[in-house]
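Q: Sharing structure32.cif here; it has mmCIF, C-alpha atoms.
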data_structure
loop_
_atom_site.label_atom_id
_atom_site.label_comp_id
_atom_site.auth_asym_id
_atom_site.auth_seq_id
_atom_site.Cartn_x
_atom_site.Cartn_y
_atom_site.Cartn_z
CA MET A 1 -1.52 -18.76 -13.68
CA MET A 2 1.47 -18.47 -11.37
CA ILE A 3 1.83 -15.44 -9.13
CA THR A 4 5.46 -14.75 -8.29
CA GLN A 5 4.96 -11.84 -5.95
CA ARG A 6 2.18 -9.84 -4.34
CA THR A 7 2.10 -6.46 -2.66
CA VAL A 8 0.00 -5.45 0.33
CA ILE A 9 -0.69 -1.71 0.30
CA VAL A 10 -1.64 0.78 3.01
CA ARG A 11 -2.23 4.08 1.26
CA ASP A 12 -2.44 7.51 2.91
CA LEU A 13 -3.02 6.60 6.55
CA GLU A 14 -3.25 9.94 8.35
CA ILE A 15 -2.03 10.41 11.90
CA THR A 16 -1.63 13.53 14.01
CA LEU A 17 1.49 13.86 16.12
CA SER A 18 4.10 16.20 17.50
CA ILE A 19 6.74 16.36 14.78
CA GLY A 20 9.30 18.85 13.53
CA VAL A 21 12.59 20.57 14.25
CA HIS A 22 11.45 24.19 14.13
CA ALA A 23 10.06 25.96 17.19
CA HIS A 24 6.74 26.73 15.48
CA GLU A 25 6.31 23.03 14.63
CA LYS A 26 6.58 22.12 18.30
CA LEU A 27 3.64 24.33 19.29
CA ALA A 28 0.90 22.02 18.00
CA PRO A 29 0.51 18.54 16.52
CA GLN A 30 0.73 18.17 12.74
CA ARG A 31 -0.75 15.82 10.19
CA LEU A 32 1.48 13.13 8.78
CA VAL A 33 0.32 10.87 5.96
CA VAL A 34 1.96 7.44 5.74
CA SER A 35 1.87 4.89 2.92
CA VAL A 36 3.36 1.40 2.91
CA GLU A 37 3.86 -1.17 0.16
CA ALA A 38 5.02 -4.57 1.39
CA THR A 39 5.97 -7.14 -1.23
CA LEU A 40 5.77 -10.86 -0.52
CA GLU A 41 7.09 -13.67 -2.69
CA GLY A 42 4.85 -16.40 -4.11
CA GLU A 43 1.15 -17.21 -3.84
CA GLY A 44 0.91 -17.62 -0.06
CA ASP A 45 -2.68 -16.42 0.15
CA ALA A 46 -4.09 -18.54 -2.70
CA ALA A 47 -6.14 -20.63 -0.24
CA ASP A 48 -8.19 -17.56 0.87
CA ASP A 49 -6.76 -17.84 4.38
CA ILE A 50 -5.85 -14.71 6.39
CA ALA A 51 -3.09 -16.66 8.14
CA ALA A 52 -1.35 -17.09 4.79
CA THR A 53 -1.00 -13.41 3.97
CA LEU A 54 0.25 -10.19 5.52
CA ASP A 55 -2.14 -8.69 8.06
CA TYR A 56 -2.29 -5.01 7.13
CA ASP A 57 -4.12 -4.30 10.40
CA ARG A 58 -0.78 -4.78 12.18
CA ILE A 59 0.89 -2.17 9.95
CA CYS A 60 -1.95 0.32 10.48
CA ASP A 61 -1.95 -0.26 14.24
CA PHE A 62 1.82 0.28 14.39
CA ILE A 63 1.56 3.58 12.50
CA ARG A 64 -1.35 4.77 14.67
CA ALA A 65 0.64 3.94 17.82
CA ILE A 66 3.48 6.20 16.65
CA GLY A 67 0.99 9.07 16.68
CA ARG A 68 0.42 8.52 20.40
CA GLU A 69 4.10 8.61 21.34
CA GLY A 70 6.27 11.61 22.19
CA HIS A 71 7.73 14.27 19.94
CA VAL A 72 9.71 13.21 16.86
CA GLU A 73 12.07 15.61 15.11
CA LEU A 74 12.16 14.09 11.62
CA GLN A 75 9.61 12.33 9.46
CA GLU A 76 12.52 10.23 8.22
CA THR A 77 12.70 8.74 11.72
CA ILE A 78 9.11 7.60 11.41
CA ALA A 79 9.65 6.23 7.91
CA ARG A 80 12.63 4.20 9.16
CA ARG A 81 10.61 2.82 12.09
CA VAL A 82 7.68 1.82 9.89
CA LEU A 83 10.03 0.27 7.34
CA ALA A 84 11.85 -1.77 10.00
CA PHE A 85 8.54 -2.96 11.45
CA THR A 86 7.18 -3.94 8.04
CA LEU A 87 10.36 -5.78 7.06
CA SER A 88 10.22 -7.72 10.35
CA MET A 89 6.85 -9.21 9.43
CA PRO A 90 6.87 -12.83 8.22
CA GLY A 91 7.10 -13.24 4.46
CA VAL A 92 7.95 -9.64 3.59
CA ALA A 93 10.70 -9.57 0.97
CA CYS A 94 10.85 -5.81 0.48
CA ALA A 95 8.93 -2.70 1.39
CA VAL A 96 8.53 0.96 0.56
CA VAL A 97 7.40 3.53 3.12
CA GLU A 98 6.48 7.09 2.29
CA THR A 99 5.73 9.86 4.77
CA ARG A 100 4.22 13.21 3.83
CA LYS A 101 3.62 16.42 5.76
CA PRO A 102 0.81 18.11 3.79
CA ASP A 103 0.55 21.34 5.78
CA ILE A 104 4.09 22.74 5.62
CA PHE A 105 3.97 25.01 2.58
CA GLU A 106 0.99 26.62 0.92
CA ASP A 107 2.52 26.33 -2.53
CA CYS A 108 3.13 22.57 -2.62
CA ALA A 109 1.03 19.49 -1.92
CA PHE A 110 3.42 18.03 0.67
CA VAL A 111 7.01 17.52 1.74
CA GLY A 112 8.02 13.96 2.38
CA ALA A 113 10.44 11.09 2.49
CA ARG A 114 10.48 7.66 0.87
CA PHE A 115 12.49 4.72 2.16
CA CYS A 116 12.93 1.33 0.48
CA GLY A 117 14.27 -1.79 2.14
CA ARG A 118 14.81 -5.46 1.37
CA ASN A 119 15.31 -8.56 3.49
CA GLY A 120 18.26 -10.80 2.80
#
Please express what this file holds, its structure, as structure tokens.
A:
Amino acid sequence: MMITQRTVIVRDLEITLSIGVHAHEKLAPQRLVVSVEATLEGEGDAADDIAATLDYDRICDFIRAIGREGHVELQETIARRVLAFTLSMPGVACAVVETRKPDIFEDCAFVGARFCGRNG
């Protein structure tokens, strides 16, 4: 069997941060849920060696660190930052980042943004 690509997934990592453009959003931190899919080419991790694959701890740590920084107006800003970080990691060919604010409206599950990027 030949694996041509593999995807490392971080699904629904929840952080709490100061985010939003409206005055009422700036009164208290909000929940933001972030998901990342990073696609790598080839079978790099076939030898069962952590050094040969993408360390998802680094992605999670980066997202958590954003939650400790200052106010951000747009969740799109966070999605762009996470996407740029993920694409800068060795071996990542493309990535998808999704952010969701689950507590904005009572009549929908979330409002969010999805960004896709590719190296090369």
Q: Which polymer residues have any atom within 12 Å of an atom of A:Ser88, counting only C-alpha atoms, with same-chain residues fewer than 6 positions away left out, as number ranges by chain?
A: A: 38, 54, 58-59, 81-82, 94-95, 117-120
Q: Using only C-alpha atoms, what residues lie at most 12 Å away from (12.6, 14.1, 22.8) (file coordinates), given as a count of residues only?
A: 11
Q: Mind checking which residues fall within 12 Å of A:Gly112, counting all atoms listed in the file, ignoring those fewer than 4 positions away in the same chain, and posting them as an mmCIF file with C-alpha atoms, keeping the file's coordinate frame?
A:
data_model
loop_
_atom_site.group_PDB
_atom_site.id
_atom_site.type_symbol
_atom_site.label_atom_id
_atom_site.label_comp_id
_atom_site.auth_asym_id
_atom_site.auth_seq_id
_atom_site.Cartn_x
_atom_site.Cartn_y
_atom_site.Cartn_z
ATOM 1 C CA ARG A 31 -0.750 15.820 10.190
ATOM 2 C CA LEU A 32 1.480 13.130 8.780
ATOM 3 C CA VAL A 33 0.320 10.870 5.960
ATOM 4 C CA VAL A 34 1.960 7.440 5.740
ATOM 5 C CA SER A 35 1.870 4.890 2.920
ATOM 6 C CA LEU A 74 12.160 14.090 11.620
ATOM 7 C CA GLN A 75 9.610 12.330 9.460
ATOM 8 C CA GLU A 76 12.520 10.230 8.220
ATOM 9 C CA THR A 77 12.700 8.740 11.720
ATOM 10 C CA ILE A 78 9.110 7.600 11.410
ATOM 11 C CA ALA A 79 9.650 6.230 7.910
ATOM 12 C CA VAL A 97 7.400 3.530 3.120
ATOM 13 C CA GLU A 98 6.480 7.090 2.290
ATOM 14 C CA THR A 99 5.730 9.860 4.770
ATOM 15 C CA ARG A 100 4.220 13.210 3.830
ATOM 16 C CA LYS A 101 3.620 16.420 5.760
ATOM 17 C CA PRO A 102 0.810 18.110 3.790
ATOM 18 C CA ASP A 103 0.550 21.340 5.780
ATOM 19 C CA ILE A 104 4.090 22.740 5.620
ATOM 20 C CA PHE A 105 3.970 25.010 2.580
ATOM 21 C CA CYS A 108 3.130 22.570 -2.620
#
Q: Taking only C-alpha atoms into account, which of A:Val92, A:Leu27, A:Leu40, A:Leu13 comes nearest A:Asp61?
A: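 Smallest distance to A:Asp61 is found for A:Leu13.
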Q: Expressed in Å to a single decimal, how great is the separation between atom CA of A:Leu83 and atom CA of A:Ala109?
A: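 Rounded to one decimal, the two atoms are 23.2 Å apart.
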Q: Please define a box with edges along x, y and z of the file around all atoms of stretch 103-109 of chain A given in the file, extend it by 8 Å on each side, and return its centre and edge lengths in Å to one decimal, as AutoDock Vina command-line options.
A:
--center_x 2.3 --center_y 23.1 --center_z 1.6 --size_x 19.5 --size_y 23.1 --size_z 24.4
Q: Can you work out which one of A:Leu17, A:Ala93, A:Ile63, A:Ala28 has the shortest atom-to-atom distance to A:Gln5, counting all atoms listed in the file?
A: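 Of all the options, A:Ala93 lies closest to A:Gln5.
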Q: Can you measure atom CA of A:Gly67 to atom CA of A:Glu37 for me? One decimal in Å is fine.
A: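 Going from atom CA of A:Gly67 over to atom CA of A:Glu37 covers 19.6 Å.
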Q: Smallest atom-to-atom distance to A:Glu14: which of A:Asp107, A:Cys116, A:Asp48, A:Ile66, using only C-alpha atoms?
A: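 Counting only C-alpha atoms, the residue closest to A:Glu14 is A:Ile66.
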Q: Counting all atoms listed in the file, which residue out of A:Arg6, A:Arg80, A:Arg11, A:Arg68 sits closest to A:Pro29?
A: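 Closest to A:Pro29 of all the choices is A:Arg68.
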